[in-house]
4 protein chains.
Amino acid sequence: MPKPTFFNLPEEKREKIIKAAIDEFAEYGLENASINRIVANSGIAKGSFYQYFEDKQDVFRYLLTVLEHEKMEYFKDKHPESRHMDAFEYFRWMVKTGMEFNSVYPRLVQAISRVMFNEGLYYQNFANVRERSTQSLQALIRQAIQNGEVDPSVDVDLAVMIMETWSNTISSYILNEGMKQQDIVQWVRSAETQEKIDKLLYVMEYGLRRTESDFAKNFQERNRL
Amino acid sequence: MPKPTFFNLPEEKREKIIKAAIDEFAEYGLENASINRIVANSGIAKGSFYQYFEDKQDVFRYLLTVLEHEKMEYFKDKHPESRHMDAFEYFRWMVKTGMEFNSVYPRLVQAISRVMFNEGLYYQNFANVRERSTQSLQALIRQAIQNGEVDPSVDVDLAVMIMETWSNTISSYILNEGMKQQDIVQWVRSAETQEKIDKLLYVMEYGLRRTESDFAKNFQERNRL
Amino acid sequence: MPKPTFFNLPEEKREKIIKAAIDEFAEYGLENASINRIVANSGIAKGSFYQYFEDKQDVFRYLLTVLEHEKMEYFKDKHPESRHMDAFEYFRWMVKTGMEFNSVYPRLVQAISRVMFNEGLYYQNFANVRERSTQSLQALIRQAIQNGEVDPSVDVDLAVMIMETWSNTISSYILNEGMKQQDIVQWVRSAETQEKIDKLLYVMEYGLRRTESDFAKNFQERNRL
Amino acid sequence: MPKPTFFNLPEEKREKIIKAAIDEFAEYGLENASINRIVANSGIAKGSFYQYFEDKQDVFRYLLTVLEHEKMEYFKDKHPESRHMDAFEYFRWMVKTGMEFNSVYPRLVQAISRVMFNEGLYYQNFANVRERSTQSLQALIRQAIQNGEVDPSVDVDLAVMIMETWSNTISSYILNEGMKQQDIVQWVRSAETQEKIDKLLYVMEYGLRRTESDFAKNFQERNRL
DNA sequence: TATGAATGAGCTTTCATTCAT
DNA sequence: CATGAATGAAAGCTCATTCAT
């Protein structure tokens, strides 16, 4: 974690450094991030960097806590519209709210995603962070099986893997598209984008195959509620 | 692409270089790959490297064509057992055969996956490679819609994205597990592994939700054929 | 020498700083001593260091005076048992009492020895300190020659050099061994250790050669050849 | 050990590098030696240094072998004048010839002495080098005791320590004085300097005390009191 | 007087690339 | 063609010292 020095800094300066770090990680990942560039872009001396942080990983660790904190703040204010949600409705709500959050902090999310879901696979430093989200998804699915919402023969671990992959894929897709928009937030909240997300999650729910319990029927029914 | 000098090399030498490059990329990715190490491990002179290739990316580009070529060779010999496959059966066959291929060339696949699906997302150099597989999947889905196998309201691009993600996820999951096995090929072909793959693809086909046309029923039915 | 601000400090704080400095010099010598570590270990601000001392050498110079002062205090209370000592007895007493002193202040002695007899040889800053002990030894030997205890043909400067080297060698030998003991003081005063010192000093006194004949005779004989 | 690259260098260049390294170690010791300065003074690029050597220690290790080699070459041509030397005569010859050698390669000797007998005490990397000279001295003394030249009650390890210290003290004394001379070699070989060395060694042989009585008698007498 | 943030020069080491032989 | 020595920029990090508060 950053040294006390860092937190004593005037907010403006602190934010400049954080911004430079986020940009650097978003652009180059963790291994290839250059402290030289970070200090150049934040206008501080090289020595100062080491008075604020232990090293590169230290900055990144801090960004993780920032993300976590901001996410909690963001989710705290949002409540699922209905209490009577089944697991799929809940997951859909989570993903959508997550998308909104991502569109509010796109660079931060991008920086961390890049490191966590790419480099992160190769060196194990932040495994515990991923662990947490995995566990809550496991609980969600187990509950859904008990409730008869998910087929009991489904392998829980595989389902978790699918949901995570899904969520990340949507996330990176939305972000990549969104970055080109002027107002990302608005774009994410637009009916068009929301429908795209819906469709994706719908596939996860019902699969791609057309069944007797027909695709269109289900889709319309659900949206009527 | 490599310079003519490279292709004039005796095969043994060429393969030694390729092997060293594959190991390097698999271990360090593209950006962190060290030409120093590649030449050291392949026993060629540093200057020679630059007489064979433009730079690091050049070697990697070549590995891409190698992969493509080997894949085509491999798939050429395999034919779907039945001519009367629907799109899902075909995709399932493709994925499974792909898995087998991956287990035969695990290092090459690992090297390229690592770069393409991690670093590759961020700098656009190899977009055209991904393009090709995308296009064939698009065609597959369009055909399936025409055949009434896939719901027409499904967004083709999203479906492609899902299928690609799916395939990569399975691939990396299988590889990560498989690398620990003594005989990867055998492990991939084992009933256990095949069932895991089946389950994953089944979810893509029918979704996670339990419907009247019940999971187990569908699953058993299909496997009876 | 330290600035007045240093001497105005409460004793506790002053000692904490000194302790940290001693540890640092004992561990790293003068050149490699890190002011950063000294301030960290003594709990003072970095800026404060420069309000107390000019620089690293300044601290070390002060440690020299501390050693000198402590030594004088220590020797003040000890008196040779007998007034009728010859030079060798006196030197033996001095060395032994010196050893005891060293075992009471082992870290301080270690710190200063390390710098003075290693790095110190190469840059001349502290020559005057060594000068003083040299002079008293010169006087001792001259007196011994007058008393007929030491051969008049002995070169006084060389004899001093020998005695100094001897004393330092014993000192570092004893310290190195002693540091491993729980109670250094007791170990130094033990019969065993005292005998070792005796033997060493005995060699200085009588030489290594077994002989029945006297000093002058041997010396002349050899030079005649 | 240096890489082959280094030995392929033209002799002139090689010597320039070695000279710069010797000067650096002589001036700053091993820990404080700066590769930056070495490359600056030898006129090579910083990267080149690492094509010749592993690191600082590697250069120093090489200097050790150079010294050893030069010493063997030098001693090979010198033979003790008489075959019938006793241990003291032999040691005297060794020390004197060693002095001559040192005056021929004063900087190299200075560089290595500085590291070996100062820093070397604290980190154990080159302990084996010192070991060798220690062992040959042990053998010399044991032989001398068997021959009746050295008193059997003398502790062998202590005697070795004395001889080593003696030899180093003389060495550094001579070097320090000699460096001020125009022609060191000539100065070392001068009657005056030789006599000084003789006197020092004589003290080691016979001790400082003027005495008509023999070793054993004195020792017993003193201990009886 | 006390503080500790700021600083840039310095450190060792690795790197991709050039080029003379 | 093959070679490998040469190179300087860049990396992460530590340092003694200054200075505004």
# chains A, B, ... in the order shown; residues from 1 in each chain; ligands from 1
>>> residues_around(residues="DG10 in chain E", least_positions_apart="3", cutoff="12 Å", atoms="only C-alpha atoms (C1' of nucleotides)", output="VMD selection string")
(chain A and resid 47) or (chain D and resid 34 to 37) or (chain F and resid 13 to 16)
>>> write_last_selection(atoms="N, CA and C atoms (P, O5', C5', C4', C3', O3' and C1' of nucleotides)", output="CSV table (one decimal), in the first residue's frame")
chain,number,residue,atom,x,y,z
A,47,GLY,N,12.5,10.3,-7.8
A,47,GLY,CA,12.7,9.9,-6.4
A,47,GLY,C,11.4,10.0,-5.6
D,34,SER,N,32.6,1.8,-9.1
D,34,SER,CA,31.5,2.2,-10.0
D,34,SER,C,31.8,1.7,-11.4
D,35,ILE,N,30.9,0.9,-11.9
D,35,ILE,CA,31.1,0.4,-13.3
D,35,ILE,C,31.0,1.6,-14.2
D,36,ASN,N,30.2,2.6,-13.9
D,36,ASN,CA,30.2,3.8,-14.7
D,36,ASN,C,31.6,4.4,-14.9
D,37,ARG,N,32.3,4.6,-13.8
D,37,ARG,CA,33.6,5.1,-13.9
D,37,ARG,C,34.6,4.2,-14.6
F,13,DC,P,11.4,-1.5,-8.5
F,13,DC,O5',12.6,-0.7,-7.8
F,13,DC,C5',13.9,-1.3,-7.6
F,13,DC,C4',14.9,-0.3,-7.2
F,13,DC,C3',14.5,0.5,-6.0
F,13,DC,O3',15.2,0.0,-4.9
F,13,DC,C1',15.7,1.8,-7.6
F,14,DT,P,15.2,0.7,-3.4
F,14,DT,O5',16.4,1.7,-3.4
F,14,DT,C5',17.7,1.1,-3.6
F,14,DT,C4',18.8,2.1,-3.3
F,14,DT,C3',18.6,2.8,-2.0
F,14,DT,O3',19.9,2.9,-1.4
F,14,DT,C1',18.7,4.4,-3.7
F,15,DC,P,20.1,3.4,0.1
F,15,DC,O5',20.7,4.9,-0.2
F,15,DC,C5',21.8,5.0,-1.1
F,15,DC,C4',22.1,6.4,-1.4
F,15,DC,C3',21.9,7.4,-0.2
F,15,DC,O3',23.1,7.5,0.5
F,15,DC,C1',21.1,8.2,-2.3
F,16,DA,P,23.1,8.2,1.9
F,16,DA,O5',23.4,9.7,1.4
F,16,DA,C5',24.6,9.9,0.7
F,16,DA,C4',24.6,11.4,0.2
F,16,DA,C3',24.7,12.4,1.3
F,16,DA,O3',25.5,13.5,0.9
F,16,DA,C1',22.6,12.7,0.2
>>> residues_around(residues="range 3-6 of chain A", least_positions_apart="4", cutoff="12 Å", atoms="only C-alpha atoms (C1' of nucleotides)", output="count of residues only")
23
>>> closest_atom_pairs(of="chain F", to="chain D", cutoff="8 Å", atoms="only C-alpha atoms (C1' of nucleotides)", output="Markdown table")
| residue | atom | partner | partner_atom | distance |
| --- | --- | --- | --- | --- |
| F:DA5 | C1' | D:Thr5 | CA | 7.7 |
| F:DA6 | C1' | D:Ser48 | CA | 6.5 |
| F:DT7 | C1' | D:Ala45 | CA | 6.3 |
| F:DG8 | C1' | D:Ala45 | CA | 7.6 |
>>> calpha_fit_and_write(fixed="chain A", moving="chain D", output="PDB file with C-alpha atoms, in the first residue's frame")
ATOM      1  CA  MET D   1       0.511  -1.043  -0.270  1.00  0.00           C
ATOM      2  CA  PRO D   2       1.927   2.458  -0.706  1.00  0.00           C
ATOM      3  CA  LYS D   3       4.206   3.730   2.030  1.00  0.00           C
ATOM      4  CA  PRO D   4       2.992   6.388   4.481  1.00  0.00           C
ATOM      5  CA  THR D   5       5.025   8.920   2.541  1.00  0.00           C
ATOM      6  CA  PHE D   6       2.553   8.632  -0.271  1.00  0.00           C
ATOM      7  CA  PHE D   7      -0.478   9.362   1.866  1.00  0.00           C
ATOM      8  CA  ASN D   8       1.221  12.375   3.392  1.00  0.00           C
ATOM      9  CA  LEU D   9       1.493  13.938  -0.029  1.00  0.00           C
ATOM     10  CA  PRO D  10      -0.705  16.916  -0.963  1.00  0.00           C
ATOM     11  CA  GLU D  11      -3.783  15.605  -2.678  1.00  0.00           C
ATOM     12  CA  GLU D  12      -3.004  17.349  -5.919  1.00  0.00           C
ATOM     13  CA  LYS D  13       0.341  15.638  -6.237  1.00  0.00           C
ATOM     14  CA  ARG D  14      -1.073  12.305  -5.218  1.00  0.00           C
ATOM     15  CA  GLU D  15      -3.736  12.517  -7.872  1.00  0.00           C
ATOM     16  CA  LYS D  16      -1.242  13.474 -10.525  1.00  0.00           C
ATOM     17  CA  ILE D  17       0.756  10.358  -9.754  1.00  0.00           C
ATOM     18  CA  ILE D  18      -2.328   8.164  -9.695  1.00  0.00           C
ATOM     19  CA  LYS D  19      -3.506   9.598 -12.960  1.00  0.00           C
ATOM     20  CA  ALA D  20      -0.165   8.911 -14.579  1.00  0.00           C
ATOM     21  CA  ALA D  21      -0.167   5.362 -13.232  1.00  0.00           C
ATOM     22  CA  ILE D  22      -3.706   4.688 -14.461  1.00  0.00           C
ATOM     23  CA  ASP D  23      -2.830   5.996 -17.893  1.00  0.00           C
ATOM     24  CA  GLU D  24       0.288   3.862 -17.972  1.00  0.00           C
ATOM     25  CA  PHE D  25      -1.455   0.649 -16.990  1.00  0.00           C
ATOM     26  CA  ALA D  26      -4.366   1.340 -19.318  1.00  0.00           C
ATOM     27  CA  GLU D  27      -1.961   1.872 -22.172  1.00  0.00           C
ATOM     28  CA  TYR D  28       0.688  -0.762 -21.530  1.00  0.00           C
ATOM     29  CA  GLY D  29      -0.630  -3.306 -19.023  1.00  0.00           C
ATOM     30  CA  LEU D  30       1.264  -4.262 -15.909  1.00  0.00           C
ATOM     31  CA  GLU D  31       4.344  -6.004 -17.272  1.00  0.00           C
ATOM     32  CA  ASN D  32       5.088  -3.387 -19.877  1.00  0.00           C
ATOM     33  CA  ALA D  33       4.288  -0.408 -17.734  1.00  0.00           C
ATOM     34  CA  SER D  34       7.369   1.778 -17.363  1.00  0.00           C
ATOM     35  CA  ILE D  35       8.144   3.432 -14.082  1.00  0.00           C
ATOM     36  CA  ASN D  36      10.260   5.842 -16.074  1.00  0.00           C
ATOM     37  CA  ARG D  37       7.191   7.048 -17.948  1.00  0.00           C
ATOM     38  CA  ILE D  38       5.075   7.198 -14.824  1.00  0.00           C
ATOM     39  CA  VAL D  39       7.537   9.460 -13.050  1.00  0.00           C
ATOM     40  CA  ALA D  40       8.021  11.556 -16.174  1.00  0.00           C
ATOM     41  CA  ASN D  41       4.274  12.055 -16.601  1.00  0.00           C
ATOM     42  CA  SER D  42       3.649  12.788 -12.972  1.00  0.00           C
ATOM     43  CA  GLY D  43       6.583  15.144 -12.713  1.00  0.00           C
ATOM     44  CA  ILE D  44       8.264  13.454  -9.772  1.00  0.00           C
ATOM     45  CA  ALA D  45      11.849  12.271  -9.445  1.00  0.00           C
ATOM     46  CA  LYS D  46      12.615   8.651 -10.072  1.00  0.00           C
ATOM     47  CA  GLY D  47      13.830   8.202  -6.527  1.00  0.00           C
ATOM     48  CA  SER D  48      10.593   9.615  -5.182  1.00  0.00           C
ATOM     49  CA  PHE D  49       8.587   6.833  -6.747  1.00  0.00           C
ATOM     50  CA  TYR D  50      10.373   4.390  -4.510  1.00  0.00           C
ATOM     51  CA  GLN D  51       9.632   6.488  -1.478  1.00  0.00           C
ATOM     52  CA  TYR D  52       5.943   6.184  -2.236  1.00  0.00           C
ATOM     53  CA  PHE D  53       5.693   2.603  -3.472  1.00  0.00           C
ATOM     54  CA  GLU D  54       7.474  -0.691  -3.186  1.00  0.00           C
ATOM     55  CA  ASP D  55       7.373  -1.309  -6.898  1.00  0.00           C
ATOM     56  CA  LYS D  56       5.068  -1.429  -9.907  1.00  0.00           C
ATOM     57  CA  GLN D  57       2.834  -4.092  -8.440  1.00  0.00           C
ATOM     58  CA  ASP D  58       2.451  -1.984  -5.336  1.00  0.00           C
ATOM     59  CA  VAL D  59       0.947   0.869  -7.342  1.00  0.00           C
ATOM     60  CA  PHE D  60      -1.365  -1.517  -9.087  1.00  0.00           C
ATOM     61  CA  ARG D  61      -2.474  -3.135  -5.862  1.00  0.00           C
ATOM     62  CA  TYR D  62      -3.351   0.325  -4.658  1.00  0.00           C
ATOM     63  CA  LEU D  63      -5.403   1.029  -7.769  1.00  0.00           C
ATOM     64  CA  LEU D  64      -7.348  -2.142  -7.022  1.00  0.00           C
ATOM     65  CA  THR D  65      -8.311  -0.856  -3.609  1.00  0.00           C
ATOM     66  CA  VAL D  66      -9.185   2.511  -5.089  1.00  0.00           C
ATOM     67  CA  LEU D  67     -11.499   0.838  -7.562  1.00  0.00           C
ATOM     68  CA  GLU D  68     -13.076  -1.283  -4.879  1.00  0.00           C
ATOM     69  CA  HIS D  69     -13.589   1.713  -2.654  1.00  0.00           C
ATOM     70  CA  GLU D  70     -15.064   3.877  -5.392  1.00  0.00           C
ATOM     71  CA  LYS D  71     -17.337   1.048  -6.444  1.00  0.00           C
ATOM     72  CA  MET D  72     -18.682   0.605  -2.951  1.00  0.00           C
ATOM     73  CA  GLU D  73     -19.254   4.312  -2.622  1.00  0.00           C
ATOM     74  CA  TYR D  74     -21.057   4.355  -5.928  1.00  0.00           C
ATOM     75  CA  PHE D  75     -23.252   1.341  -5.257  1.00  0.00           C
ATOM     76  CA  LYS D  76     -24.041   2.462  -1.735  1.00  0.00           C
ATOM     77  CA  ASP D  77     -26.183   5.297  -3.083  1.00  0.00           C
ATOM     78  CA  LYS D  78     -27.968   3.187  -5.632  1.00  0.00           C
ATOM     79  CA  HIS D  79     -30.635   0.810  -4.495  1.00  0.00           C
ATOM     80  CA  PRO D  80     -32.507  -1.647  -6.621  1.00  0.00           C
ATOM     81  CA  GLU D  81     -35.853  -0.047  -7.366  1.00  0.00           C
ATOM     82  CA  SER D  82     -37.876  -2.950  -6.166  1.00  0.00           C
ATOM     83  CA  ARG D  83     -37.281  -5.373  -3.362  1.00  0.00           C
ATOM     84  CA  HIS D  84     -39.058  -8.156  -5.216  1.00  0.00           C
ATOM     85  CA  MET D  85     -36.436  -8.864  -7.811  1.00  0.00           C
ATOM     86  CA  ASP D  86     -35.666 -12.273  -9.108  1.00  0.00           C
ATOM     87  CA  ALA D  87     -32.088 -13.293  -9.844  1.00  0.00           C
ATOM     88  CA  PHE D  88     -32.195 -12.121 -13.433  1.00  0.00           C
ATOM     89  CA  GLU D  89     -33.639  -8.768 -12.552  1.00  0.00           C
ATOM     90  CA  TYR D  90     -30.968  -8.427  -9.917  1.00  0.00           C
ATOM     91  CA  PHE D  91     -28.171  -9.389 -12.262  1.00  0.00           C
ATOM     92  CA  ARG D  92     -29.544  -7.003 -14.849  1.00  0.00           C
ATOM     93  CA  TRP D  93     -29.571  -4.193 -12.315  1.00  0.00           C
ATOM     94  CA  MET D  94     -26.047  -5.061 -11.246  1.00  0.00           C
ATOM     95  CA  VAL D  95     -24.722  -5.092 -14.762  1.00  0.00           C
ATOM     96  CA  LYS D  96     -26.392  -1.823 -15.656  1.00  0.00           C
ATOM     97  CA  THR D  97     -25.244  -0.055 -12.528  1.00  0.00           C
ATOM     98  CA  GLY D  98     -21.805  -1.515 -13.132  1.00  0.00           C
ATOM     99  CA  MET D  99     -21.870  -0.067 -16.628  1.00  0.00           C
ATOM    100  CA  GLU D 100     -22.733   3.319 -15.259  1.00  0.00           C
ATOM    101  CA  PHE D 101     -19.906   3.085 -12.801  1.00  0.00           C
ATOM    102  CA  ASN D 102     -17.517   2.086 -15.523  1.00  0.00           C
ATOM    103  CA  SER D 103     -18.540   5.086 -17.571  1.00  0.00           C
ATOM    104  CA  VAL D 104     -17.790   7.350 -14.641  1.00  0.00           C
ATOM    105  CA  TYR D 105     -14.304   5.920 -14.110  1.00  0.00           C
ATOM    106  CA  PRO D 106     -13.500   4.704 -17.592  1.00  0.00           C
ATOM    107  CA  ARG D 107      -9.692   4.917 -17.458  1.00  0.00           C
ATOM    108  CA  LEU D 108      -9.378   3.296 -14.064  1.00  0.00           C
ATOM    109  CA  VAL D 109     -11.657   0.471 -15.139  1.00  0.00           C
ATOM    110  CA  GLN D 110      -9.804   0.105 -18.392  1.00  0.00           C
ATOM    111  CA  ALA D 111      -6.443  -0.056 -16.654  1.00  0.00           C
ATOM    112  CA  ILE D 112      -7.552  -2.690 -14.217  1.00  0.00           C
ATOM    113  CA  SER D 113      -9.563  -4.763 -16.671  1.00  0.00           C
ATOM    114  CA  ARG D 114      -6.595  -4.861 -18.977  1.00  0.00           C
ATOM    115  CA  VAL D 115      -4.370  -6.302 -16.334  1.00  0.00           C
ATOM    116  CA  MET D 116      -6.871  -8.499 -14.524  1.00  0.00           C
ATOM    117  CA  PHE D 117      -8.548 -10.191 -17.422  1.00  0.00           C
ATOM    118  CA  ASN D 118      -5.574 -10.434 -19.714  1.00  0.00           C
ATOM    119  CA  GLU D 119      -2.221 -10.621 -18.063  1.00  0.00           C
ATOM    120  CA  GLY D 120      -3.937 -11.709 -14.889  1.00  0.00           C
ATOM    121  CA  LEU D 121      -4.795 -15.019 -16.448  1.00  0.00           C
ATOM    122  CA  TYR D 122      -1.155 -15.886 -16.775  1.00  0.00           C
ATOM    123  CA  TYR D 123       0.409 -14.975 -13.517  1.00  0.00           C
ATOM    124  CA  GLN D 124      -1.634 -15.671 -10.478  1.00  0.00           C
ATOM    125  CA  ASN D 125      -0.926 -12.714  -8.243  1.00  0.00           C
ATOM    126  CA  PHE D 126      -4.390 -11.282  -8.018  1.00  0.00           C
ATOM    127  CA  ALA D 127      -6.410 -14.473  -8.168  1.00  0.00           C
ATOM    128  CA  ASN D 128      -8.047 -13.720  -4.841  1.00  0.00           C
ATOM    129  CA  VAL D 129      -9.629 -10.570  -6.207  1.00  0.00           C
ATOM    130  CA  ARG D 130     -11.408 -12.487  -8.950  1.00  0.00           C
ATOM    131  CA  GLU D 131     -12.321 -15.169  -6.468  1.00  0.00           C
ATOM    132  CA  ARG D 132     -14.586 -12.835  -4.559  1.00  0.00           C
ATOM    133  CA  SER D 133     -16.834 -11.848  -7.435  1.00  0.00           C
ATOM    134  CA  THR D 134     -16.973 -15.473  -8.516  1.00  0.00           C
ATOM    135  CA  GLN D 135     -18.239 -16.554  -5.140  1.00  0.00           C
ATOM    136  CA  SER D 136     -21.003 -14.008  -4.958  1.00  0.00           C
ATOM    137  CA  LEU D 137     -22.190 -15.061  -8.408  1.00  0.00           C
ATOM    138  CA  GLN D 138     -22.205 -18.688  -7.330  1.00  0.00           C
ATOM    139  CA  ALA D 139     -24.391 -17.799  -4.383  1.00  0.00           C
ATOM    140  CA  LEU D 140     -26.731 -15.844  -6.644  1.00  0.00           C
ATOM    141  CA  ILE D 141     -27.243 -18.760  -8.990  1.00  0.00           C
ATOM    142  CA  ARG D 142     -27.701 -21.340  -6.252  1.00  0.00           C
ATOM    143  CA  GLN D 143     -30.366 -19.161  -4.737  1.00  0.00           C
ATOM    144  CA  ALA D 144     -32.010 -18.747  -8.130  1.00  0.00           C
ATOM    145  CA  ILE D 145     -32.127 -22.505  -8.611  1.00  0.00           C
ATOM    146  CA  GLN D 146     -33.744 -22.905  -5.200  1.00  0.00           C
ATOM    147  CA  ASN D 147     -36.284 -20.242  -6.159  1.00  0.00           C
ATOM    148  CA  GLY D 148     -37.083 -22.150  -9.329  1.00  0.00           C
ATOM    149  CA  GLU D 149     -35.861 -19.354 -11.533  1.00  0.00           C
ATOM    150  CA  VAL D 150     -32.946 -21.234 -13.050  1.00  0.00           C
ATOM    151  CA  ASP D 151     -33.096 -24.756 -14.342  1.00  0.00           C
ATOM    152  CA  PRO D 152     -31.626 -27.117 -11.736  1.00  0.00           C
ATOM    153  CA  SER D 153     -29.747 -29.087 -14.342  1.00  0.00           C
ATOM    154  CA  VAL D 154     -27.601 -26.073 -15.122  1.00  0.00           C
ATOM    155  CA  ASP D 155     -23.958 -26.503 -14.054  1.00  0.00           C
ATOM    156  CA  VAL D 156     -23.293 -23.731 -11.526  1.00  0.00           C
ATOM    157  CA  ASP D 157     -19.638 -23.231 -12.412  1.00  0.00           C
ATOM    158  CA  LEU D 158     -20.398 -22.984 -16.089  1.00  0.00           C
ATOM    159  CA  ALA D 159     -23.165 -20.513 -15.403  1.00  0.00           C
ATOM    160  CA  VAL D 160     -20.792 -18.357 -13.371  1.00  0.00           C
ATOM    161  CA  MET D 161     -18.266 -18.472 -16.169  1.00  0.00           C
ATOM    162  CA  ILE D 162     -20.928 -17.385 -18.596  1.00  0.00           C
ATOM    163  CA  MET D 163     -22.114 -14.537 -16.434  1.00  0.00           C
ATOM    164  CA  GLU D 164     -18.592 -13.272 -15.860  1.00  0.00           C
ATOM    165  CA  THR D 165     -17.710 -13.471 -19.497  1.00  0.00           C
ATOM    166  CA  TRP D 166     -20.961 -11.784 -20.342  1.00  0.00           C
ATOM    167  CA  SER D 167     -20.395  -9.005 -17.924  1.00  0.00           C
ATOM    168  CA  ASN D 168     -16.844  -8.404 -19.107  1.00  0.00           C
ATOM    169  CA  THR D 169     -17.793  -8.562 -22.728  1.00  0.00           C
ATOM    170  CA  ILE D 170     -20.536  -6.024 -22.257  1.00  0.00           C
ATOM    171  CA  SER D 171     -18.195  -3.935 -20.181  1.00  0.00           C
ATOM    172  CA  SER D 172     -15.418  -3.836 -22.719  1.00  0.00           C
ATOM    173  CA  TYR D 173     -17.883  -3.360 -25.555  1.00  0.00           C
ATOM    174  CA  ILE D 174     -19.539  -0.431 -23.859  1.00  0.00           C
ATOM    175  CA  LEU D 175     -16.210   1.066 -22.844  1.00  0.00           C
ATOM    176  CA  ASN D 176     -14.692   0.764 -26.284  1.00  0.00           C
ATOM    177  CA  GLU D 177     -17.715   2.376 -27.851  1.00  0.00           C
ATOM    178  CA  GLY D 178     -18.131   4.838 -25.028  1.00  0.00           C
ATOM    179  CA  MET D 179     -14.585   6.148 -25.149  1.00  0.00           C
ATOM    180  CA  LYS D 180     -15.389   7.676 -28.487  1.00  0.00           C
ATOM    181  CA  GLN D 181     -18.290   9.639 -27.029  1.00  0.00           C
ATOM    182  CA  GLN D 182     -17.904  13.076 -25.568  1.00  0.00           C
ATOM    183  CA  ASP D 183     -19.996  12.385 -22.520  1.00  0.00           C
ATOM    184  CA  ILE D 184     -19.642   8.707 -21.765  1.00  0.00           C
ATOM    185  CA  VAL D 185     -21.961   8.755 -18.775  1.00  0.00           C
ATOM    186  CA  GLN D 186     -24.779  10.259 -20.759  1.00  0.00           C
ATOM    187  CA  TRP D 187     -24.183   7.843 -23.599  1.00  0.00           C
ATOM    188  CA  VAL D 188     -24.314   4.863 -21.285  1.00  0.00           C
ATOM    189  CA  ARG D 189     -27.548   6.095 -19.759  1.00  0.00           C
ATOM    190  CA  SER D 190     -29.150   6.736 -23.120  1.00  0.00           C
ATOM    191  CA  ALA D 191     -32.180   4.644 -24.045  1.00  0.00           C
ATOM    192  CA  GLU D 192     -30.336   3.237 -27.003  1.00  0.00           C
ATOM    193  CA  THR D 193     -27.413   1.918 -25.030  1.00  0.00           C
ATOM    194  CA  GLN D 194     -29.635   0.601 -22.297  1.00  0.00           C
ATOM    195  CA  GLU D 195     -31.655  -1.287 -24.830  1.00  0.00           C
ATOM    196  CA  LYS D 196     -28.527  -2.890 -26.197  1.00  0.00           C
ATOM    197  CA  ILE D 197     -27.559  -4.057 -22.768  1.00  0.00           C
ATOM    198  CA  ASP D 198     -31.064  -5.319 -22.199  1.00  0.00           C
ATOM    199  CA  LYS D 199     -30.980  -7.321 -25.340  1.00  0.00           C
ATOM    200  CA  LEU D 200     -27.680  -8.899 -24.428  1.00  0.00           C
ATOM    201  CA  LEU D 201     -28.891  -9.870 -21.019  1.00  0.00           C
ATOM    202  CA  TYR D 202     -32.116 -11.092 -22.489  1.00  0.00           C
ATOM    203  CA  VAL D 203     -30.192 -13.531 -24.628  1.00  0.00           C
ATOM    204  CA  MET D 204     -28.452 -14.834 -21.606  1.00  0.00           C
ATOM    205  CA  GLU D 205     -31.819 -15.275 -19.966  1.00  0.00           C
ATOM    206  CA  TYR D 206     -33.787 -16.840 -22.785  1.00  0.00           C
ATOM    207  CA  GLY D 207     -31.228 -17.925 -25.316  1.00  0.00           C
ATOM    208  CA  LEU D 208     -31.047 -17.132 -28.958  1.00  0.00           C
ATOM    209  CA  ARG D 209     -33.477 -19.729 -30.214  1.00  0.00           C
ATOM    210  CA  ARG D 210     -37.060 -18.921 -30.992  1.00  0.00           C
ATOM    211  CA  THR D 211     -39.153 -21.473 -29.258  1.00  0.00           C
ATOM    212  CA  GLU D 212     -42.603 -22.154 -27.937  1.00  0.00           C
ATOM    213  CA  SER D 213     -41.581 -25.161 -25.999  1.00  0.00           C
ATOM    214  CA  ASP D 214     -40.005 -25.279 -22.619  1.00  0.00           C
ATOM    215  CA  PHE D 215     -36.447 -25.840 -21.489  1.00  0.00           C
ATOM    216  CA  ALA D 216     -36.605 -29.441 -20.391  1.00  0.00           C
ATOM    217  CA  LYS D 217     -38.528 -30.585 -23.371  1.00  0.00           C
ATOM    218  CA  ASN D 218     -36.082 -29.151 -25.865  1.00  0.00           C
ATOM    219  CA  PHE D 219     -33.090 -30.460 -24.044  1.00  0.00           C
ATOM    220  CA  GLN D 220     -34.465 -33.991 -23.847  1.00  0.00           C
ATOM    221  CA  GLU D 221     -35.612 -33.982 -27.410  1.00  0.00           C
ATOM    222  CA  ARG D 222     -32.258 -32.977 -28.744  1.00  0.00           C
ATOM    223  CA  ASN D 223     -30.373 -35.479 -26.706  1.00  0.00           C
ATOM    224  CA  ARG D 224     -32.719 -38.220 -27.765  1.00  0.00           C
ATOM    225  CA  LEU D 225     -31.576 -37.927 -31.399  1.00  0.00           C
TER     226      LEU D 225
END
